[in-house]
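protein_7.cif follows; it contains mmCIF, C-alpha atoms and all ligand atoms.
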data_data
loop_
_atom_site.label_atom_id
_atom_site.label_comp_id
_atom_site.auth_asym_id
_atom_site.auth_seq_id
_atom_site.Cartn_x
_atom_site.Cartn_y
_atom_site.Cartn_z
CA MET Z 21 75.65 79.32 111.19
CA SER Z 22 77.61 79.00 107.93
CA THR Z 23 75.11 79.84 105.19
CA ASN Z 24 73.11 82.95 104.38
CA GLY Z 25 70.19 81.77 102.25
CA THR Z 26 72.07 79.78 99.62
CA ARG Z 27 75.38 81.59 100.07
CA PRO Z 28 78.04 80.34 102.47
CA THR Z 29 79.16 82.67 105.23
CA ILE Z 30 82.10 83.41 107.49
CA VAL Z 31 82.11 85.17 110.84
CA LEU Z 32 84.00 88.40 110.25
CA ASP Z 33 84.87 90.33 113.40
CA GLY Z 34 81.80 88.82 115.04
CA GLU Z 35 79.43 89.44 112.14
CA ASN Z 36 78.01 86.74 109.89
CA VAL Z 37 78.76 87.74 106.27
CA ALA Z 38 78.31 85.98 102.93
CA PHE Z 39 81.15 85.17 100.56
CA THR Z 40 81.41 83.91 97.02
CA PRO Z 41 83.10 80.50 96.69
CA GLY Z 42 86.71 81.04 95.65
CA GLU Z 43 86.88 84.47 97.28
CA THR Z 44 89.85 85.14 99.54
CA VAL Z 45 89.46 86.33 103.11
CA TYR Z 46 91.01 89.66 102.08
CA GLU Z 47 88.52 90.11 99.22
CA ALA Z 48 85.52 89.25 101.38
CA ALA Z 49 86.76 91.42 104.25
CA THR Z 50 87.44 94.51 102.13
CA ARG Z 51 84.10 94.05 100.40
CA HIS Z 52 82.55 94.29 103.86
CA GLY Z 53 84.42 97.48 104.70
CA LYS Z 54 87.40 96.08 106.63
CA ASP Z 55 90.68 97.94 106.30
CA ILE Z 56 93.41 95.31 106.11
CA PRO Z 57 96.91 96.67 105.30
CA THR Z 58 98.81 95.12 102.38
CA LEU Z 59 102.14 95.60 100.65
CA CYS Z 60 102.72 92.74 98.23
CA TYR Z 61 99.08 92.75 97.12
CA ASP Z 62 98.00 94.26 93.81
CA PRO Z 63 94.43 93.40 92.75
CA ARG Z 64 95.59 92.87 89.17
CA LEU Z 65 98.00 90.12 90.18
CA GLU Z 66 97.78 86.54 91.40
CA PRO Z 67 97.87 86.35 95.22
CA PHE Z 68 101.46 86.04 96.41
CA GLY Z 69 101.47 86.04 100.20
CA GLY Z 70 104.99 87.40 100.59
CA CYS Z 71 104.86 90.35 102.97
CA ARG Z 72 102.58 88.86 105.68
CA LEU Z 73 101.19 92.30 106.48
CA CYS Z 74 97.61 91.28 105.67
CA VAL Z 75 97.54 88.57 108.33
CA VAL Z 76 94.33 87.95 110.25
CA GLU Z 77 93.46 85.63 113.09
CA VAL Z 78 91.45 82.55 112.13
CA GLU Z 79 89.84 80.57 114.92
CA GLY Z 80 91.61 77.24 115.28
CA ALA Z 81 94.73 78.25 113.31
CA ARG Z 82 97.98 78.19 115.30
CA ALA Z 83 99.52 81.22 113.56
CA PRO Z 84 98.06 84.32 111.87
CA VAL Z 85 96.97 83.64 108.30
CA ALA Z 86 97.74 85.76 105.21
CA SER Z 87 94.28 86.96 104.19
CA CYS Z 88 95.28 87.68 100.59
CA THR Z 89 95.98 84.01 99.88
CA ALA Z 90 93.58 82.22 102.27
CA GLN Z 91 90.27 81.28 100.72
CA CYS Z 92 87.07 81.67 102.69
CA GLN Z 93 85.66 78.45 104.11
CA ALA Z 94 82.08 78.25 105.35
CA GLY Z 95 81.93 78.83 109.09
CA MET Z 96 85.45 80.30 109.32
CA GLU Z 97 85.83 82.79 112.21
CA VAL Z 98 88.11 85.68 111.29
CA ARG Z 99 89.41 88.61 113.35
CA THR Z 100 90.97 91.36 111.25
CA ARG Z 101 92.10 93.85 113.91
CA SER Z 102 92.97 91.84 117.01
CA ALA Z 103 95.75 93.11 119.27
CA ARG Z 104 97.87 90.13 118.22
CA VAL Z 105 97.74 90.87 114.48
CA GLU Z 106 98.23 94.59 115.03
CA VAL Z 107 101.44 93.90 116.99
CA HIS Z 108 102.57 91.56 114.23
CA ARG Z 109 101.90 94.23 111.58
CA ARG Z 110 103.69 96.94 113.55
CA THR Z 111 106.77 94.76 114.01
CA LEU Z 112 106.81 93.99 110.30
CA MET Z 113 106.61 97.68 109.44
CA GLU Z 114 109.41 98.46 111.89
CA MET Z 115 111.58 95.87 110.19
CA LEU Z 116 110.84 97.21 106.72
CA ALA Z 117 111.37 100.83 107.77
CA SER Z 118 114.70 99.93 109.39
CA GLU Z 119 115.89 98.00 106.39
CA ASN Z 120 115.30 100.61 103.68
CA ARG Z 121 117.62 103.56 103.12
CA GLU Z 122 114.65 105.94 103.22
CA VAL Z 123 110.93 105.74 103.77
CA ASP Z 124 109.82 109.12 102.45
CA VAL Z 125 110.16 109.44 98.70
CA ASP Z 126 108.96 112.10 96.28
CA GLU Z 127 105.33 111.63 95.25
CA LEU Z 128 106.41 111.97 91.63
CA THR Z 129 108.41 108.76 91.95
CA SER Z 130 105.39 106.64 91.04
CA LEU Z 131 101.68 106.18 91.66
CA ALA Z 132 102.06 103.64 94.49
CA SER Z 133 105.26 105.07 95.95
CA GLN Z 134 103.62 106.44 99.12
CA GLU Z 135 102.09 103.12 100.24
CA MET Z 136 105.02 102.12 102.42
CA ALA Z 137 105.42 105.54 104.09
CA GLU Z 138 101.69 105.69 104.84
CA LEU Z 139 101.81 102.29 106.52
CA VAL Z 140 104.95 103.16 108.46
CA ASP Z 141 103.15 106.22 109.81
CA ARG Z 142 99.96 104.30 110.51
CA TYR Z 143 101.90 101.83 112.66
CA GLU Z 144 104.25 104.46 114.16
CA ALA Z 145 107.09 102.27 112.95
CA ARG Z 146 109.93 104.79 112.63
CA THR Z 147 111.62 103.30 115.68
CA GLY Z 148 114.86 102.12 114.06
CA ARG Z 149 114.56 99.07 116.31
CA PHE Z 150 115.92 96.70 113.67
CA GLN Z 151 118.68 98.84 112.15
CA GLY Z 152 121.44 96.67 110.74
CA ARG Z 153 122.13 94.77 107.59
CA LYS Z 154 120.32 95.93 104.46
CA SER Z 155 119.30 94.10 101.30
CA GLY Z 156 119.16 95.21 97.67
CA ALA Z 157 121.83 97.07 95.75
CA SER Z 158 120.76 100.03 93.64
CA ARG Z 159 121.65 100.27 89.97
CA PRO Z 160 122.54 103.94 89.44
CA ASP Z 161 124.76 102.70 86.60
CA ASP Z 162 121.75 101.60 84.54
CA PRO Z 163 121.85 104.01 81.58
CA ASN Z 164 118.18 103.80 80.61
CA PRO Z 165 116.47 107.22 80.46
CA PHE Z 166 113.11 106.14 81.91
CA ILE Z 167 113.31 103.99 85.04
CA MET Z 168 115.19 104.68 88.27
CA ARG Z 169 116.31 101.41 89.86
CA ASP Z 170 116.93 102.25 93.52
CA TYR Z 171 116.84 98.83 95.18
CA ASP Z 172 118.20 100.18 98.46
CA ASN Z 173 114.52 100.96 98.98
CA CYS Z 174 113.28 97.55 97.83
CA ILE Z 175 111.26 95.35 100.22
CA SER Z 176 111.17 92.28 97.93
CA CYS Z 177 107.41 92.36 97.44
CA TYR Z 178 107.97 91.22 93.83
CA ARG Z 179 105.07 93.29 92.55
CA CYS Z 180 107.36 94.56 89.77
CA VAL Z 181 108.42 91.08 88.70
CA ARG Z 182 104.88 89.77 88.82
CA VAL Z 183 103.29 92.69 86.95
CA CYS Z 184 105.95 92.38 84.25
CA ALA Z 185 105.16 88.69 83.83
CA GLU Z 186 101.43 88.56 84.50
CA GLN Z 187 100.22 91.83 82.97
CA GLU Z 188 102.84 92.62 80.34
CA GLY Z 189 103.86 89.05 79.48
CA ASP Z 190 107.40 90.37 79.31
CA TYR Z 191 109.38 88.49 81.98
CA ALA Z 192 112.09 91.15 81.67
CA ILE Z 193 112.93 91.18 85.39
CA SER Z 194 113.37 88.43 87.95
CA VAL Z 195 114.67 87.75 91.45
CA LYS Z 196 118.06 86.40 92.38
CA GLY Z 197 119.47 85.46 95.78
CA ARG Z 198 117.76 84.87 99.10
CA GLY Z 199 117.34 86.68 102.38
CA PHE Z 200 119.49 89.81 102.60
CA ASP Z 201 121.03 88.89 99.22
CA THR Z 202 117.70 89.08 97.42
CA GLN Z 203 117.96 91.31 94.39
CA ILE Z 204 115.63 92.29 91.55
CA THR Z 205 117.60 91.86 88.37
CA VAL Z 206 117.46 91.39 84.59
CA GLU Z 207 119.06 88.58 82.65
CA PHE Z 208 122.84 88.34 83.13
CA ASP Z 209 122.58 91.08 85.77
CA GLY Z 210 122.68 93.61 82.95
CA HIS Z 211 120.92 96.82 82.13
CA LEU Z 212 117.23 97.21 81.32
CA LYS Z 213 118.02 98.45 77.81
CA GLU Z 214 119.68 95.13 77.00
CA SER Z 215 116.79 93.10 78.37
CA ALA Z 216 113.32 92.26 77.09
CA CYS Z 217 111.99 95.39 78.83
CA THR Z 218 109.65 97.53 76.71
CA PHE Z 219 109.68 100.40 79.25
CA CYS Z 220 105.95 100.14 79.66
CA GLY Z 221 106.28 101.50 83.20
CA GLN Z 222 103.98 98.97 84.89
CA CYS Z 223 106.67 97.96 87.40
CA VAL Z 224 107.22 101.62 88.34
CA HIS Z 225 103.48 102.11 88.64
CA THR Z 226 103.06 99.28 91.17
CA CYS Z 227 106.20 99.66 93.33
CA PRO Z 228 105.01 100.56 96.87
CA THR Z 229 108.28 102.02 98.15
CA GLY Z 230 109.68 104.20 95.38
CA ALA Z 231 112.50 101.76 94.69
CA LEU Z 232 111.44 102.09 91.06
CA GLY Z 233 110.81 105.60 89.85
CA ASP Z 234 109.79 107.54 86.78
CA LEU Z 235 112.98 109.43 85.85
CA LYS Z 236 111.13 111.79 83.51
CA ALA Z 237 108.68 112.80 86.24
CA LEU Z 238 111.43 113.19 88.83
CA ALA Z 239 113.44 115.38 86.47
CA HIS Z 240 110.53 117.81 86.48
CA ARG Z 241 110.00 117.99 90.23
CA ASP Z 242 111.33 121.57 90.33
CA VAL Z 243 109.09 122.82 87.53
CA PRO Z 244 106.78 125.41 89.08
CA GLY Z 245 103.04 124.82 89.03
CA GLU Z 246 100.66 122.19 90.23
CA THR Z 247 101.13 118.50 89.45
CA LYS Z 248 97.94 117.03 87.99
CA LYS Z 249 96.59 113.53 87.54
CA THR Z 250 95.37 112.65 84.04
CA ARG Z 251 92.71 110.22 82.88
CA THR Z 252 94.11 108.32 79.95
CA VAL Z 253 92.52 106.24 77.20
CA CYS Z 254 95.50 103.88 77.05
CA PRO Z 255 96.71 101.87 80.04
CA TYR Z 256 99.92 100.75 78.36
CA CYS Z 257 102.47 103.28 79.53
CA GLY Z 258 102.71 106.29 81.79
CA VAL Z 259 102.52 109.01 79.10
CA GLY Z 260 98.81 109.58 79.80
CA VAL Z 261 97.44 109.96 76.27
CA ARG Z 262 94.01 111.59 76.47
CA TRP Z 263 90.96 111.29 74.26
CA THR Z 264 89.84 114.53 72.65
CA SER Z 265 87.18 115.09 69.98
CA SER Z 266 88.55 118.45 68.85
CA PRO Z 267 89.16 118.56 65.05
CA ALA Z 268 92.64 119.93 65.59
CA ALA Z 269 93.62 116.92 67.65
CA THR Z 270 92.13 114.32 65.32
CA SER Z 271 93.28 115.76 61.99
S1 LIG J 301 108.99 98.62 82.29
FE1 LIG J 301 107.45 97.03 81.75
S2 LIG J 301 108.60 95.55 80.55
FE2 LIG J 301 110.15 96.81 81.62
S3 LIG J 301 110.60 95.68 83.50
FE3 LIG J 301 108.95 97.14 83.97
S4 LIG J 301 107.03 95.98 83.68
FE4 LIG J 301 108.68 94.84 82.67
S1 LIG J 302 111.46 97.11 93.30
FE1 LIG J 302 109.54 97.78 94.29
S2 LIG J 302 107.95 96.47 93.40
FE2 LIG J 302 109.92 95.49 92.98
S3 LIG J 302 110.21 94.05 94.66
FE3 LIG J 302 111.25 95.94 95.23
S4 LIG J 302 109.75 97.11 96.42
FE4 LIG J 302 108.62 95.49 95.32
S1 LIG J 303 99.45 91.50 101.16
FE1 LIG J 303 99.02 89.49 101.86
S2 LIG J 303 100.98 88.67 102.25
FE2 LIG J 303 101.40 90.61 101.39
#
Represent the structure of the file as structure tokens.
Ligand code: SF4
Ligand code: SF4
Ligand code: FES
Amino acid sequence: MSTNGTRPTIVLDGENVAFTPGETVYEAATRHGKDIPTLCYDPRLEPFGGCRLCVVEVEGARAPVASCTAQCQAGMEVRTRSARVEVHRRTLMEMLASENREVDVDELTSLASQEMAELVDRYEARTGRFQGRKSGASRPDDPNPFIMRDYDNCISCYRCVRVCAEQEGDYAISVKGRGFDTQITVEFDGHLKESACTFCGQCVHTCPTGALGDLKALAHRDVPGETKKTRTVCPYCGVGVRWTSSPAATS
């Protein structure tokens, strides 16, 4: 059966579920409570399909399919947690964990910085099985006071490049090289201060490994007291400006 009333359906882990035309397999699956791991995915960005961690099995397809880019088709049969895709995901996480200088980074580094470590733990991927050549060269020489650029911990998910282009419209950073020579860079391989960067912090916010970090936050990691999250009225930067109706604050 491939329709549910007037809505088309897919078979998701054996259950017939409706989808909205244009919806990706990942969107439909998560809407129905499936927990599919992702790394290059950010719901604010266009689907990219780079990390292959979100793969699922689709009946009739020769290889696992990236669920974040594949659109639902009526009658499609999808398995989100088969042994085959779980082995694939674990191997991927082992490769990423082996390739980065470190997996565990300070929580203050950025909002998304724990994503990679959490997935490495979930897949018990600290095996070092693929230790060897590493990609990405850090830029400790970058003199900007806001953003740490530690590309030894980069996994080339391009979330930073895409958020800069798609959300900020800035195009301040890009990718150069291929394979192990892949490197996030700014024009002429220079410093962020000399680029179109406005230091909005969106790239730091989305980086899942801590390769990009908030230098101001990290400088305060030894300040005693609890670290708190803040609701802010402005999504532009990481300062966290709050709305208050007190006369003192509005005068
Ligand atoms: S801080 Fe903002 S403008 Fe600068 S590179 Fe990051 S996303 Fe682009
Ligand atoms: S710096 Fe972070 S967000 Fe950018 S490509 Fe590398 S891991 Fe992804
Ligand atoms: S999250 Fe789908 S390929 Fe990366």
Quiz item: Quick one: residues within 7 Å of ligand LIG 301 (chain J), with all atoms listed in the file, as a PyMOL selection string?
Solution: chain Z and resi 180+183-184+188+190-193+216-224
Quiz item: Pick the closest to ligand LIG 302 (chain J) from Z:Arg121, Z:Arg142, Z:Lys249, Z:His225: which is it, counting all atoms listed in the file?
Solution: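 Closest candidate: Z:His225.
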Quiz item: Between atom CA of Arg179 of chain Z and atom CA of Arg109 of chain Z, what is the distance, to one decimal in Å?
Solution: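 Going from atom CA of Arg179 of chain Z over to atom CA of Arg109 of chain Z, I get 19.3 Å.
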Quiz item: Which residue, Z:Glu186, Z:Glu246, Z:Glu47, Z:Glu127, has the smallest gap to ligand LIG 303 (chain J) when you use all atoms listed in the file?
Solution: Z:Glu47
Practice problem: Give as number ranges by chain the residues surrounding ligand LIG 303 (chain J) up to a distance of 7 Å, considering only C-alpha atoms and all ligand atoms. | Solution: Z: 58-61, 68-75, 86-89
Would you save the residues from that selection as a CSV table (one decimal), keeping the file's coordinate frame, using C-alpha atoms?
chain,number,residue,atom,x,y,z
Z,58,THR,CA,98.8,95.1,102.4
Z,59,LEU,CA,102.1,95.6,100.6
Z,60,CYS,CA,102.7,92.7,98.2
Z,61,TYR,CA,99.1,92.8,97.1
Z,68,PHE,CA,101.5,86.0,96.4
Z,69,GLY,CA,101.5,86.0,100.2
Z,70,GLY,CA,105.0,87.4,100.6
Z,71,CYS,CA,104.9,90.4,103.0
Z,72,ARG,CA,102.6,88.9,105.7
Z,73,LEU,CA,101.2,92.3,106.5
Z,74,CYS,CA,97.6,91.3,105.7
Z,75,VAL,CA,97.5,88.6,108.3
Z,86,ALA,CA,97.7,85.8,105.2
Z,87,SER,CA,94.3,87.0,104.2
Z,88,CYS,CA,95.3,87.7,100.6
Z,89,THR,CA,96.0,84.0,99.9
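The interatomic distance for the pair atom CA of Ser158 of chain Z and atom CA of Arg241 of chain Z works out to 21.2 Å.
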Practice problem: Please return, as a ChimeraX atom specification, all polymer residues that have at least one atom within 12 Å of the point (112.6, 108.1, 85.8); use only C-alpha atoms and the file's own coordinate frame. | Solution: /Z:126,128-130,160,162-170,219,221,223-225,230-241,258
Which polymer residues have any atom within 12 Å of an atom of His108 of chain Z, counting only C-alpha atoms, with same-chain residues fewer than 4 positions away left out, as a PDB file with C-alpha atoms, in the frame of the given file?
ATOM      1  CA  PRO Z  57      96.910  96.670 105.300  1.00  0.00           C
ATOM      2  CA  CYS Z  71     104.860  90.350 102.970  1.00  0.00           C
ATOM      3  CA  ARG Z  72     102.580  88.860 105.680  1.00  0.00           C
ATOM      4  CA  LEU Z  73     101.190  92.300 106.480  1.00  0.00           C
ATOM      5  CA  CYS Z  74      97.610  91.280 105.670  1.00  0.00           C
ATOM      6  CA  VAL Z  75      97.540  88.570 108.330  1.00  0.00           C
ATOM      7  CA  VAL Z  76      94.330  87.950 110.250  1.00  0.00           C
ATOM      8  CA  GLU Z  77      93.460  85.630 113.090  1.00  0.00           C
ATOM      9  CA  ALA Z  83      99.520  81.220 113.560  1.00  0.00           C
ATOM     10  CA  PRO Z  84      98.060  84.320 111.870  1.00  0.00           C
ATOM     11  CA  VAL Z  85      96.970  83.640 108.300  1.00  0.00           C
ATOM     12  CA  ALA Z  86      97.740  85.760 105.210  1.00  0.00           C
ATOM     13  CA  THR Z 100      90.970  91.360 111.250  1.00  0.00           C
ATOM     14  CA  ARG Z 101      92.100  93.850 113.910  1.00  0.00           C
ATOM     15  CA  SER Z 102      92.970  91.840 117.010  1.00  0.00           C
ATOM     16  CA  ALA Z 103      95.750  93.110 119.270  1.00  0.00           C
ATOM     17  CA  ARG Z 104      97.870  90.130 118.220  1.00  0.00           C
ATOM     18  CA  LEU Z 112     106.810  93.990 110.300  1.00  0.00           C
ATOM     19  CA  MET Z 113     106.610  97.680 109.440  1.00  0.00           C
ATOM     20  CA  GLU Z 114     109.410  98.460 111.890  1.00  0.00           C
ATOM     21  CA  MET Z 115     111.580  95.870 110.190  1.00  0.00           C
ATOM     22  CA  TYR Z 143     101.900 101.830 112.660  1.00  0.00           C
ATOM     23  CA  ALA Z 145     107.090 102.270 112.950  1.00  0.00           C
TER      24      ALA Z 145
END
Quiz item: For ligand LIG 302 (chain J), which residue among Z:Glu97, Z:Asp172, Z:Glu122, Z:Glu43 is the nearest when counting only C-alpha atoms and all ligand atoms?
Solution: Z:Asp172
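Here atom CA of Glu144 of chain Z stands at a distance of 11.3 Å from atom CA of Val107 of chain Z.
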Quiz item: Which of these residues is nearest to Met136 of chain Z, using all atoms listed in the file: Z:Ala49, Z:Cys227, Z:Val206, Z:Ala185?
Solution: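 Using all atoms listed in the file, the shortest distance to Met136 of chain Z belongs to Z:Cys227.
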